[in-house]
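Asks: My structure is in upload.cif, and what it holds is mmCIF, C-alpha atoms and all ligand atoms:
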data_run
loop_
_atom_site.label_atom_id
_atom_site.label_comp_id
_atom_site.auth_asym_id
_atom_site.auth_seq_id
_atom_site.Cartn_x
_atom_site.Cartn_y
_atom_site.Cartn_z
CA MET D 1 74.88 -96.55 -144.90
CA HIS D 2 75.01 -95.85 -141.17
CA PRO D 3 76.52 -98.89 -139.39
CA TRP D 4 73.60 -99.20 -136.97
CA ILE D 5 70.95 -99.69 -139.62
CA ALA D 6 69.65 -103.24 -139.97
CA GLN D 7 69.62 -105.07 -143.26
CA ARG D 8 65.86 -105.52 -143.18
CA THR D 9 65.43 -101.83 -143.94
CA ASP D 10 66.71 -102.65 -147.45
CA CYS D 11 63.42 -104.32 -148.29
CA VAL D 12 61.68 -100.95 -148.29
CA ASP D 13 62.35 -98.99 -151.43
CA SER D 14 60.46 -95.72 -151.30
CA SER D 15 62.74 -93.92 -153.76
CA GLY D 16 60.18 -94.03 -156.60
CA ILE D 17 57.38 -92.40 -154.64
CA ARG D 18 59.85 -89.92 -153.09
CA LYS D 19 60.87 -88.78 -156.58
CA VAL D 20 57.23 -88.21 -157.48
CA PHE D 21 56.58 -86.23 -154.31
CA ASP D 22 59.83 -84.25 -154.76
CA LEU D 23 58.59 -83.24 -158.19
CA ALA D 24 55.14 -82.53 -156.75
CA ALA D 25 56.64 -80.23 -154.11
CA SER D 26 57.32 -77.68 -156.86
CA MET D 27 53.65 -77.59 -157.88
CA THR D 28 51.48 -74.72 -156.77
CA ASP D 29 47.84 -75.64 -156.32
CA PRO D 30 48.17 -79.01 -158.13
CA ILE D 31 45.21 -80.88 -159.54
CA ASN D 32 45.65 -83.65 -157.02
CA LEU D 33 44.33 -87.05 -158.11
CA SER D 34 46.87 -89.01 -156.10
CA ILE D 35 45.15 -89.24 -152.71
CA GLY D 36 44.54 -92.67 -151.17
CA GLN D 37 41.86 -91.65 -148.70
CA PRO D 38 38.25 -90.44 -148.90
CA ASP D 39 37.65 -86.72 -149.37
CA PHE D 40 34.45 -86.63 -147.28
CA ASP D 41 34.25 -85.43 -143.66
CA VAL D 42 33.84 -87.91 -140.83
CA PRO D 43 30.05 -88.10 -140.21
CA GLU D 44 29.01 -85.92 -137.28
CA PRO D 45 27.69 -88.76 -135.01
CA ILE D 46 31.04 -90.57 -135.30
CA GLN D 47 32.96 -87.39 -134.40
CA ALA D 48 30.63 -86.81 -131.44
CA ALA D 49 31.08 -90.40 -130.23
CA ALA D 50 34.89 -89.99 -130.29
CA ILE D 51 34.71 -86.74 -128.31
CA ASP D 52 32.24 -88.29 -125.85
CA ALA D 53 34.53 -91.28 -125.34
CA ILE D 54 37.49 -89.02 -124.54
CA ARG D 55 35.34 -86.98 -122.12
CA ALA D 56 34.02 -90.16 -120.53
CA GLY D 57 37.58 -91.13 -119.65
CA HIS D 58 38.21 -93.94 -122.14
CA ASN D 59 41.78 -92.73 -122.49
CA THR D 60 43.70 -95.58 -120.93
CA TYR D 61 44.93 -98.75 -122.64
CA SER D 62 42.11 -101.02 -123.71
CA THR D 63 42.29 -104.78 -123.52
CA THR D 64 44.75 -105.98 -126.18
CA GLN D 65 42.15 -107.61 -128.43
CA GLY D 66 39.86 -104.56 -128.28
CA ILE D 67 36.87 -103.40 -126.23
CA ALA D 68 34.17 -106.01 -125.68
CA PRO D 69 31.16 -104.10 -127.14
CA LEU D 70 32.98 -103.44 -130.42
CA LEU D 71 34.25 -107.02 -130.61
CA GLU D 72 30.73 -108.34 -129.99
CA LYS D 73 29.22 -106.12 -132.64
CA LEU D 74 31.83 -107.07 -135.23
CA GLN D 75 31.67 -110.76 -134.31
CA ALA D 76 27.87 -110.76 -134.77
CA ARG D 77 28.20 -109.13 -138.19
CA ILE D 78 30.94 -111.56 -139.28
CA ASP D 79 29.04 -114.59 -137.98
CA ALA D 80 25.91 -113.48 -139.83
CA GLU D 81 27.90 -113.28 -143.07
CA LEU D 82 30.13 -116.32 -142.73
CA GLY D 83 28.79 -118.52 -139.91
CA HIS D 84 32.14 -120.20 -139.15
CA ALA D 85 32.31 -121.86 -135.73
CA ASP D 86 36.04 -121.16 -135.29
CA ARG D 87 36.17 -117.54 -136.54
CA ARG D 88 37.34 -114.86 -134.05
CA VAL D 89 37.90 -111.13 -134.47
CA MET D 90 40.42 -108.72 -132.95
CA ILE D 91 40.79 -104.94 -133.22
CA THR D 92 44.10 -103.75 -134.64
CA SER D 93 46.01 -100.53 -135.07
CA GLY D 94 44.77 -99.92 -138.60
CA THR D 95 44.58 -102.47 -141.36
CA SER D 96 48.33 -101.91 -141.62
CA GLY D 97 48.69 -103.11 -138.02
CA ALA D 98 46.70 -106.22 -138.91
CA LEU D 99 48.99 -106.82 -141.89
CA VAL D 100 52.09 -106.49 -139.70
CA LEU D 101 50.70 -108.97 -137.15
CA THR D 102 49.66 -111.36 -139.91
CA MET D 103 53.19 -111.41 -141.30
CA LEU D 104 54.84 -111.70 -137.88
CA THR D 105 52.51 -114.53 -136.89
CA MET D 106 52.67 -116.63 -140.03
CA VAL D 107 55.72 -115.90 -142.18
CA ASP D 108 59.07 -117.42 -141.24
CA PRO D 109 62.39 -116.42 -142.86
CA GLY D 110 62.56 -117.99 -146.31
CA ASP D 111 58.79 -118.44 -146.60
CA GLU D 112 57.14 -117.30 -149.80
CA VAL D 113 54.14 -115.00 -150.02
CA ILE D 114 52.21 -114.89 -153.28
CA ILE D 115 50.93 -111.44 -154.20
CA PHE D 116 49.27 -110.14 -157.36
CA ASP D 117 51.06 -107.57 -159.51
CA PRO D 118 50.08 -104.69 -159.38
CA TYR D 119 49.92 -104.71 -155.58
CA PHE D 120 49.52 -102.42 -152.56
CA VAL D 121 53.03 -101.10 -151.83
CA MET D 122 53.16 -102.23 -148.23
CA TYR D 123 52.87 -105.96 -149.01
CA GLU D 124 56.31 -106.53 -150.43
CA ALA D 125 57.99 -104.43 -147.75
CA LEU D 126 56.20 -106.17 -144.87
CA ALA D 127 56.90 -109.67 -146.16
CA GLY D 128 60.56 -108.66 -146.56
CA MET D 129 60.79 -107.25 -143.02
CA VAL D 130 60.00 -110.65 -141.53
CA GLY D 131 62.45 -112.39 -143.88
CA GLY D 132 59.81 -113.62 -146.30
CA LYS D 133 59.95 -113.39 -150.06
CA CYS D 134 57.16 -112.14 -152.28
CA VAL D 135 56.41 -114.19 -155.37
CA LEU D 136 54.57 -112.01 -157.86
CA VAL D 137 51.76 -113.30 -160.03
CA ASP D 138 51.21 -110.98 -162.97
CA THR D 139 47.61 -109.94 -163.63
CA TYR D 140 48.09 -107.63 -166.63
CA PRO D 141 46.35 -106.66 -168.86
CA ASP D 142 42.88 -107.21 -167.33
CA PHE D 143 43.91 -107.52 -163.64
CA ARG D 144 42.08 -110.83 -163.38
CA ILE D 145 43.38 -113.73 -161.30
CA ASP D 146 44.34 -116.77 -163.33
CA PRO D 147 44.28 -119.79 -160.97
CA GLU D 148 46.69 -121.65 -163.27
CA ARG D 149 49.27 -118.91 -162.86
CA VAL D 150 48.79 -119.03 -159.09
CA ALA D 151 49.15 -122.84 -159.07
CA ALA D 152 52.38 -122.50 -161.08
CA ALA D 153 53.76 -120.04 -158.50
CA ILE D 154 53.22 -122.42 -155.56
CA THR D 155 56.37 -124.11 -154.19
CA PRO D 156 57.03 -126.12 -151.02
CA ARG D 157 57.98 -122.79 -149.37
CA THR D 158 54.69 -121.02 -150.15
CA LYS D 159 53.15 -119.97 -146.86
CA MET D 160 50.62 -117.37 -147.81
CA ILE D 161 48.55 -115.96 -150.64
CA LEU D 162 47.64 -112.32 -150.13
CA LEU D 163 44.60 -111.06 -152.01
CA ASN D 164 43.35 -107.48 -152.13
CA SER D 165 39.89 -106.95 -153.58
CA PRO D 166 38.71 -104.29 -154.39
CA GLY D 167 42.32 -103.68 -155.25
CA ASN D 168 44.70 -100.79 -154.79
CA PRO D 169 45.84 -99.52 -157.35
CA THR D 170 43.46 -101.04 -159.94
CA GLY D 171 40.06 -100.81 -158.22
CA VAL D 172 39.32 -104.23 -159.72
CA VAL D 173 37.02 -106.54 -157.74
CA ALA D 174 37.74 -110.27 -157.95
CA THR D 175 34.82 -112.33 -159.25
CA GLU D 176 33.16 -115.16 -157.36
CA GLU D 177 34.87 -117.70 -159.66
CA GLU D 178 38.28 -116.15 -159.00
CA VAL D 179 37.96 -116.09 -155.21
CA ARG D 180 36.47 -119.59 -155.17
CA ALA D 181 39.40 -120.93 -157.20
CA LEU D 182 41.87 -119.18 -154.93
CA ALA D 183 40.12 -120.43 -151.79
CA GLU D 184 40.24 -123.99 -153.09
CA LEU D 185 43.89 -123.77 -154.16
CA ALA D 186 44.88 -122.47 -150.72
CA GLU D 187 42.97 -125.27 -149.03
CA GLN D 188 44.42 -128.01 -151.26
CA HIS D 189 47.98 -126.85 -150.63
CA ASN D 190 47.43 -125.93 -146.96
CA ILE D 191 48.48 -122.33 -147.60
CA ALA D 192 47.21 -119.38 -145.54
CA LEU D 193 44.89 -117.21 -147.59
CA VAL D 194 44.85 -113.59 -146.40
CA SER D 195 42.15 -111.31 -147.79
CA ASP D 196 42.65 -107.54 -147.46
CA GLU D 197 39.09 -106.22 -147.67
CA ILE D 198 39.69 -102.62 -146.60
CA TYR D 199 37.74 -101.33 -149.63
CA ARG D 200 34.84 -103.79 -149.20
CA GLU D 201 32.22 -101.08 -148.66
CA PHE D 202 33.26 -99.41 -151.91
CA CYS D 203 31.88 -101.99 -154.35
CA TYR D 204 29.77 -100.47 -157.12
CA ASP D 205 28.49 -103.40 -159.13
CA GLY D 206 27.42 -105.79 -156.34
CA PRO D 207 28.59 -106.79 -152.87
CA LEU D 208 32.09 -108.13 -152.32
CA VAL D 209 32.46 -111.90 -152.40
CA SER D 210 35.04 -112.80 -149.77
CA PRO D 211 37.16 -115.92 -150.26
CA ALA D 212 36.31 -116.68 -146.61
CA ARG D 213 32.94 -117.85 -147.94
CA PHE D 214 34.67 -120.78 -149.63
CA ASN D 215 37.60 -121.34 -147.26
CA PRO D 216 36.78 -121.03 -143.55
CA GLN D 217 40.48 -120.77 -142.69
CA THR D 218 40.82 -117.46 -144.58
CA ILE D 219 42.29 -114.60 -142.55
CA VAL D 220 40.35 -111.43 -143.38
CA ILE D 221 41.79 -108.03 -142.66
CA ASP D 222 39.60 -105.00 -142.75
CA GLY D 223 39.35 -101.57 -141.21
CA PHE D 224 37.48 -98.35 -140.55
CA SER D 225 39.96 -95.98 -142.27
CA LYS D 226 38.45 -95.77 -145.72
CA THR D 227 34.81 -96.58 -144.97
CA TYR D 228 34.35 -93.67 -142.56
CA GLY D 229 37.17 -91.36 -143.68
CA VAL D 230 39.17 -91.89 -140.48
CA THR D 231 42.59 -92.89 -141.82
CA GLY D 232 44.27 -90.99 -138.99
CA TRP D 233 42.44 -92.94 -136.32
CA ARG D 234 44.39 -96.15 -136.95
CA LEU D 235 41.53 -98.57 -136.48
CA GLY D 236 41.39 -101.94 -138.19
CA PHE D 237 40.37 -105.47 -137.43
CA ALA D 238 41.26 -109.01 -138.38
CA HIS D 239 39.26 -112.22 -138.25
CA GLY D 240 40.19 -115.80 -138.86
CA PRO D 241 40.82 -119.15 -137.15
CA ALA D 242 40.77 -118.62 -133.37
CA GLU D 243 44.29 -119.96 -132.84
CA VAL D 244 45.82 -117.60 -135.40
CA ILE D 245 43.94 -114.59 -134.00
CA GLU D 246 45.06 -115.54 -130.49
CA LYS D 247 48.72 -115.48 -131.58
CA MET D 248 48.21 -112.19 -133.40
CA THR D 249 46.70 -110.77 -130.20
CA MET D 250 49.69 -111.97 -128.22
CA LEU D 251 52.03 -110.19 -130.64
CA GLN D 252 49.87 -107.06 -130.53
CA GLN D 253 50.34 -107.02 -126.76
CA TYR D 254 54.11 -106.75 -127.24
CA THR D 255 54.05 -104.28 -130.16
CA PHE D 256 51.08 -101.95 -130.66
CA VAL D 257 49.57 -102.83 -127.21
CA CYS D 258 46.05 -101.96 -128.41
CA ALA D 259 44.21 -99.92 -131.01
CA PRO D 260 43.42 -96.30 -129.96
CA HIS D 261 40.99 -96.79 -127.09
CA PRO D 262 38.53 -93.86 -127.31
CA LEU D 263 38.23 -94.31 -131.05
CA GLN D 264 37.18 -97.92 -130.59
CA TRP D 265 34.08 -96.56 -128.81
CA ALA D 266 33.40 -94.28 -131.75
CA ALA D 267 33.73 -97.26 -134.12
CA ILE D 268 30.67 -98.80 -132.44
CA THR D 269 28.66 -95.74 -133.48
CA ALA D 270 30.28 -95.75 -136.94
CA MET D 271 29.03 -99.26 -137.64
CA ASP D 272 25.44 -97.95 -137.55
CA VAL D 273 26.08 -94.95 -139.81
CA ASP D 274 24.78 -95.28 -143.35
CA MET D 275 27.57 -94.41 -145.79
CA SER D 276 25.63 -95.27 -148.94
CA ASP D 277 25.43 -91.63 -150.15
CA HIS D 278 29.20 -91.42 -150.15
CA VAL D 279 29.47 -94.75 -151.93
CA ALA D 280 26.98 -93.49 -154.55
CA THR D 281 29.09 -90.35 -155.02
CA PHE D 282 32.19 -92.44 -155.65
CA ARG D 283 30.27 -94.65 -158.09
CA ARG D 284 29.14 -91.58 -160.03
CA ARG D 285 32.69 -90.21 -160.14
CA ARG D 286 34.01 -93.55 -161.34
CA ASP D 287 31.51 -93.56 -164.19
CA MET D 288 32.29 -89.94 -165.06
CA LEU D 289 36.02 -90.67 -165.20
CA LEU D 290 35.64 -93.88 -167.17
CA SER D 291 33.48 -92.34 -169.86
CA ALA D 292 35.83 -89.36 -170.13
CA LEU D 293 38.91 -91.57 -170.52
CA ALA D 294 37.41 -94.18 -172.86
CA ASP D 295 38.47 -92.56 -176.15
CA ASP D 296 42.05 -91.78 -175.22
CA PHE D 297 43.12 -94.50 -172.79
CA GLU D 298 43.03 -98.25 -172.47
CA VAL D 299 41.36 -98.76 -169.10
CA VAL D 300 39.90 -101.75 -167.24
CA GLN D 301 36.57 -100.91 -165.60
CA PRO D 302 37.14 -100.96 -161.84
CA GLY D 303 34.29 -102.33 -159.70
CA GLY D 304 35.41 -100.77 -156.44
CA ALA D 305 37.76 -98.68 -154.26
CA PHE D 306 38.37 -95.15 -155.61
CA TYR D 307 41.09 -95.77 -158.16
CA VAL D 308 41.36 -96.14 -161.91
CA PHE D 309 44.55 -97.62 -163.40
CA PRO D 310 44.74 -96.77 -167.11
CA ARG D 311 47.52 -97.67 -169.50
CA VAL D 312 49.59 -94.62 -170.40
CA ALA D 313 48.91 -93.10 -173.81
CA TRP D 314 52.62 -92.99 -174.66
CA GLY D 315 56.06 -93.58 -173.09
CA THR D 316 56.52 -95.24 -169.72
CA GLY D 317 54.39 -94.63 -166.66
CA THR D 318 57.20 -92.55 -165.18
CA GLU D 319 57.63 -90.40 -168.31
CA PHE D 320 53.90 -89.88 -168.64
CA VAL D 321 53.51 -88.86 -164.99
CA HIS D 322 56.45 -86.45 -165.24
CA GLU D 323 54.67 -84.75 -168.12
CA ALA D 324 51.41 -84.75 -166.11
CA ILE D 325 53.20 -83.05 -163.23
CA LYS D 326 54.62 -80.44 -165.64
CA ASN D 327 50.98 -79.79 -166.51
CA ASN D 328 50.05 -79.42 -162.85
CA LEU D 329 48.31 -82.83 -162.56
CA LEU D 330 49.43 -85.17 -159.79
CA VAL D 331 48.85 -88.89 -160.41
CA ILE D 332 51.03 -91.89 -159.46
CA PRO D 333 53.14 -93.90 -161.92
CA GLY D 334 52.35 -97.63 -162.06
CA ASN D 335 55.87 -98.77 -161.22
CA ILE D 336 55.28 -97.70 -157.61
CA PHE D 337 52.85 -100.65 -157.40
CA SER D 338 54.33 -102.98 -159.96
CA ARG D 339 57.31 -104.43 -161.81
CA SER D 340 55.78 -102.86 -164.93
CA ASP D 341 55.95 -99.17 -165.74
CA THR D 342 53.09 -99.02 -168.22
CA HIS D 343 50.13 -97.60 -166.28
CA PHE D 344 49.27 -94.82 -163.81
CA ARG D 345 46.90 -94.54 -160.87
CA ILE D 346 44.19 -91.92 -160.72
CA SER D 347 42.33 -91.47 -157.44
CA TYR D 348 38.82 -90.04 -157.69
CA ALA D 349 38.68 -89.24 -153.99
CA ALA D 350 38.50 -85.60 -155.07
CA ASP D 351 35.67 -83.18 -155.83
CA ASP D 352 34.02 -83.08 -159.25
CA ALA D 353 35.70 -79.82 -160.29
CA THR D 354 39.16 -81.27 -159.56
CA ILE D 355 38.35 -84.46 -161.46
CA GLU D 356 37.13 -82.40 -164.43
CA ARG D 357 40.30 -80.32 -164.46
CA GLY D 358 42.31 -83.56 -164.30
CA ILE D 359 40.39 -85.01 -167.25
CA GLU D 360 41.19 -81.90 -169.31
CA VAL D 361 44.92 -82.33 -168.67
CA LEU D 362 44.74 -86.05 -169.46
CA HIS D 363 43.08 -85.31 -172.83
CA LYS D 364 45.82 -82.83 -173.60
CA LEU D 365 48.54 -85.32 -172.59
CA ALA D 366 47.03 -88.10 -174.70
CA LYS D 367 47.27 -85.87 -177.78
CA MET D 368 51.01 -85.38 -177.21
CA ARG D 369 51.79 -88.93 -178.35
C1 LIG D 401 44.96 -102.23 -149.88
C2 LIG D 401 45.23 -101.49 -148.63
N1 LIG D 401 45.40 -102.17 -147.48
C3 LIG D 401 45.66 -101.56 -146.32
C4 LIG D 401 45.77 -100.18 -146.25
C5 LIG D 401 46.11 -99.55 -144.93
O1 LIG D 401 45.01 -99.00 -144.33
P1 LIG D 401 44.95 -98.54 -142.79
O2 LIG D 401 44.76 -97.06 -142.81
O3 LIG D 401 43.76 -99.24 -142.21
O4 LIG D 401 46.21 -98.97 -142.15
C6 LIG D 401 45.59 -99.42 -147.41
C7 LIG D 401 45.73 -97.95 -147.38
O5 LIG D 401 45.92 -97.29 -148.38
C8 LIG D 401 45.32 -100.09 -148.63
O6 LIG D 401 45.15 -99.41 -149.79
#
As structure tokens - that is how I would like this structure written.
Ligand SMILES: Cc1ncc(COP(=O)(O)O)c(C=O)c1O
Replies:
Amino acid sequence: MHPWIAQRTDCVDSSGIRKVFDLAASMTDPINLSIGQPDFDVPEPIQAAAIDAIRAGHNTYSTTQGIAPLLEKLQARIDAELGHADRRVMITSGTSGALVLTMLTMVDPGDEVIIFDPYFVMYEALAGMVGGKCVLVDTYPDFRIDPERVAAAITPRTKMILLNSPGNPTGVVATEEEVRALAELAEQHNIALVSDEIYREFCYDGPLVSPARFNPQTIVIDGFSKTYGVTGWRLGFAHGPAEVIEKMTMLQQYTFVCAPHPLQWAAITAMDVDMSDHVATFRRRRDMLLSALADDFEVVQPGGAFYVFPRVAWGTGTEFVHEAIKNNLLVIPGNIFSRSDTHFRISYAADDATIERGIEVLHKLAKMR
């Protein structure tokens, strides 16, 4: 290794995903069900608002915490849902930016962060970068949270529990009982509960129940990326106890500085755009995929996001995905998100024809067992 490279870079292991994408590079016109972002266009009024903001000269830095009209609009929405006296919001550089600030603000070297396996890939890397250690709580085979398992994972060094619902890669939405139990555990043990709700608008069987409803100290991180198809805009937000948000803002000032300024103006417009047609399309695709997979794969019904995480029909996740790639289908092996290599992630952020072609290949692969 080059002598200048810091040890903390070791906590990022992207070799697995690199191997998949190296293999994928040889594919011509793949059936791509690996994409982690919506396939719809940014609604026209949101595009127009971004262009208008640039033309109106909103191209300088904004205030660190974000522009006042967007903060006010978000704060009103959050207060209407949660009604916590001490809850403040800030605008971040993507949900990823909020995650970085959360870790920097709350996790000291040696602190433990409880995450649920399978998990969003960034969590383990980010905790590691600040010297923290992820403690994994297994949720196989149904991807449900067992509060007893969480309680058993708590030690005197536990600083944070990080929940992601609807979850990437499973699409599973935590139930009210699960989030209530988690909220209470965190409160009893004085542990920070962080709730990554980036997929909250993509809930198909009822609205998301946030753990913040049961634990007013919960730090919620959320964003515009997925809801409005603007992953490249790098716009997120975080809300939680005022003192924590203040420290996160201070750290933002010395790192990201602010979220992209003109796009914050467009986010105000976005908040009034009805995305329910897109959500309905995703729900329909979920149902289509689930009924097509039911006979050949063991699959937990996901209540949200745009992912399905079936168990492979044979072999390991890696072996199965290699065979899928040989058959021109790109999906992601489960070990990218997990200590287990038994499942694979399908994204249905793709048009119907692509999903149908993918289903055909999956049927063929299942019969190879
Ligand atoms: C669970 C989860 N959290 C956070 C992010 C990051 O989103 P953003 O584009 O807002 O940084 C993603 C993106 O895939 C995600 O799946």
Asks: 6 Å from ligand LIG 401 (chain D) is the threshold here; counting all atoms listed in the file, which polymer residues fall inside it? Answer as a list of chain:residue names.
Replies: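 If we count all atoms listed in the file, the neighbours of ligand LIG 401 (chain D) turn out to be D:Gly36, D:Gly94, D:Thr95, D:Ser96, D:Phe120, D:Asn164, D:Asn168, D:Ile198, D:Gly223, D:Ser225, D:Thr231, D:Arg234, D:Gly236.
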Asks: Excluding region 338-343 of chain D and any residue of its chain fewer than 2 positions from it, enumerate the residues within 6 Å of it, using all atoms listed in the file, and give them as a list in words.
Replies: Asp117, Pro118, Pro310, Arg311, Val312, Thr316, Gly317, Gly334, Asn335 and Ile336 of chain D
Asks: Could you check the closest approach to Ile67 (chain D) for each of D:Cys258, D:Arg157, D:Pro38, D:Asp287 and tell me which residue wins, using all atoms listed in the file?
Replies: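 The answer is D:Cys258, which sits nearest to Ile67 (chain D).
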Asks: Can you pull out the residues contacting Ile161 (chain D)? Cut-off 6 Å, using only C-alpha atoms, and skip same-chain residues under 6 positions away; I want them as a PyMOL selection string.
Replies: chain D and resi 113-114+193
Asks: For Glu112 (chain D), which residue out of D:Gln75, D:Asn32, D:Thr155, D:Thr92 is the nearest one, using all atoms listed in the file?
Replies: D:Thr155
Asks: Taking into account all atoms listed in the file, which residue in the set D:Thr318, D:Met90, D:Glu124, D:Arg8 is nearest to Met103 (chain D)?
Replies: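 Closest to Met103 (chain D) of all the choices is D:Glu124.
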Asks: Closest to Met250 (chain D) among D:Gly315, D:His322, D:Gln65, D:Ala270, using all atoms listed in the file?
Replies: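 Closest candidate: D:Gln65.
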Asks: So that I can see what lies close to His84 (chain D), please list as a list in words the residues with an atom at most 8 Å from it, counting all atoms listed in the file and leaving out residues fewer than 3 positions away in the same chain.
Replies: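 In the requested format, the answer is Asp79, Arg87 and Pro216 of chain D.
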Asks: Just checking: using all atoms listed in the file, which residue out of D:Arg88, D:His189, D:Arg357, D:Arg283 ends up closest to Phe237 (chain D)?
Replies: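 Checking each candidate against Phe237 (chain D), we get D:Arg88 as the closest.
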Asks: One decimal, in Å: what's the spacing between CA of Leu163 (chain D) and CA of Asp196 (chain D)?
Replies: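 For CA of Leu163 (chain D) relative to CA of Asp196 (chain D), the distance reads 6.1 Å.
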Asks: How many Å separate CA of Phe202 (chain D) from CA of Leu71 (chain D)?
Replies: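 Separation between CA of Phe202 (chain D) and CA of Leu71 (chain D): 22.6 Å.
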Asks: Need to verify the contact set: Thr102 (chain D), 9 Å, all atoms listed in the file, exclusion of same-chain residues closer than 5 positions in sequence. Can you return it as a list in words?
Replies: Gly97, Val107, Val194, Ile219, Ile221, Ala238, Val244, Ile245 and Met248 of chain D
Asks: What is the CA of Leu182 (chain D) to CA of Phe214 (chain D) distance in Å?
Replies: 9.1 Å
Asks: Which of these, D:Val321, D:Thr354, D:Glu148, D:Arg345, has the shortest distance to Lys19 (chain D) once you count only C-alpha atoms?
Replies: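 Comparing D:Val321, D:Thr354, D:Glu148, D:Arg345 against Lys19 (chain D), the winner is D:Val321.
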Asks: Give me, as a PyMOL selection string, all polymer residues having an atom no more than 8 Å from Leu70 (chain D), counting only C-alpha atoms and skipping those fewer than 5 positions away in the same chain.
Replies: chain D and resi 264-265+267-268
Asks: Can those selected residues be exported to a file as a PDB file, keeping the file's coordinate frame so that it contains C-alpha atoms?
Replies:
ATOM      1  CA  GLN D 264      37.180 -97.920-130.590  1.00  0.00           C
ATOM      2  CA  TRP D 265      34.080 -96.560-128.810  1.00  0.00           C
ATOM      3  CA  ALA D 267      33.730 -97.260-134.120  1.00  0.00           C
ATOM      4  CA  ILE D 268      30.670 -98.800-132.440  1.00  0.00           C
TER       5      ILE D 268
END
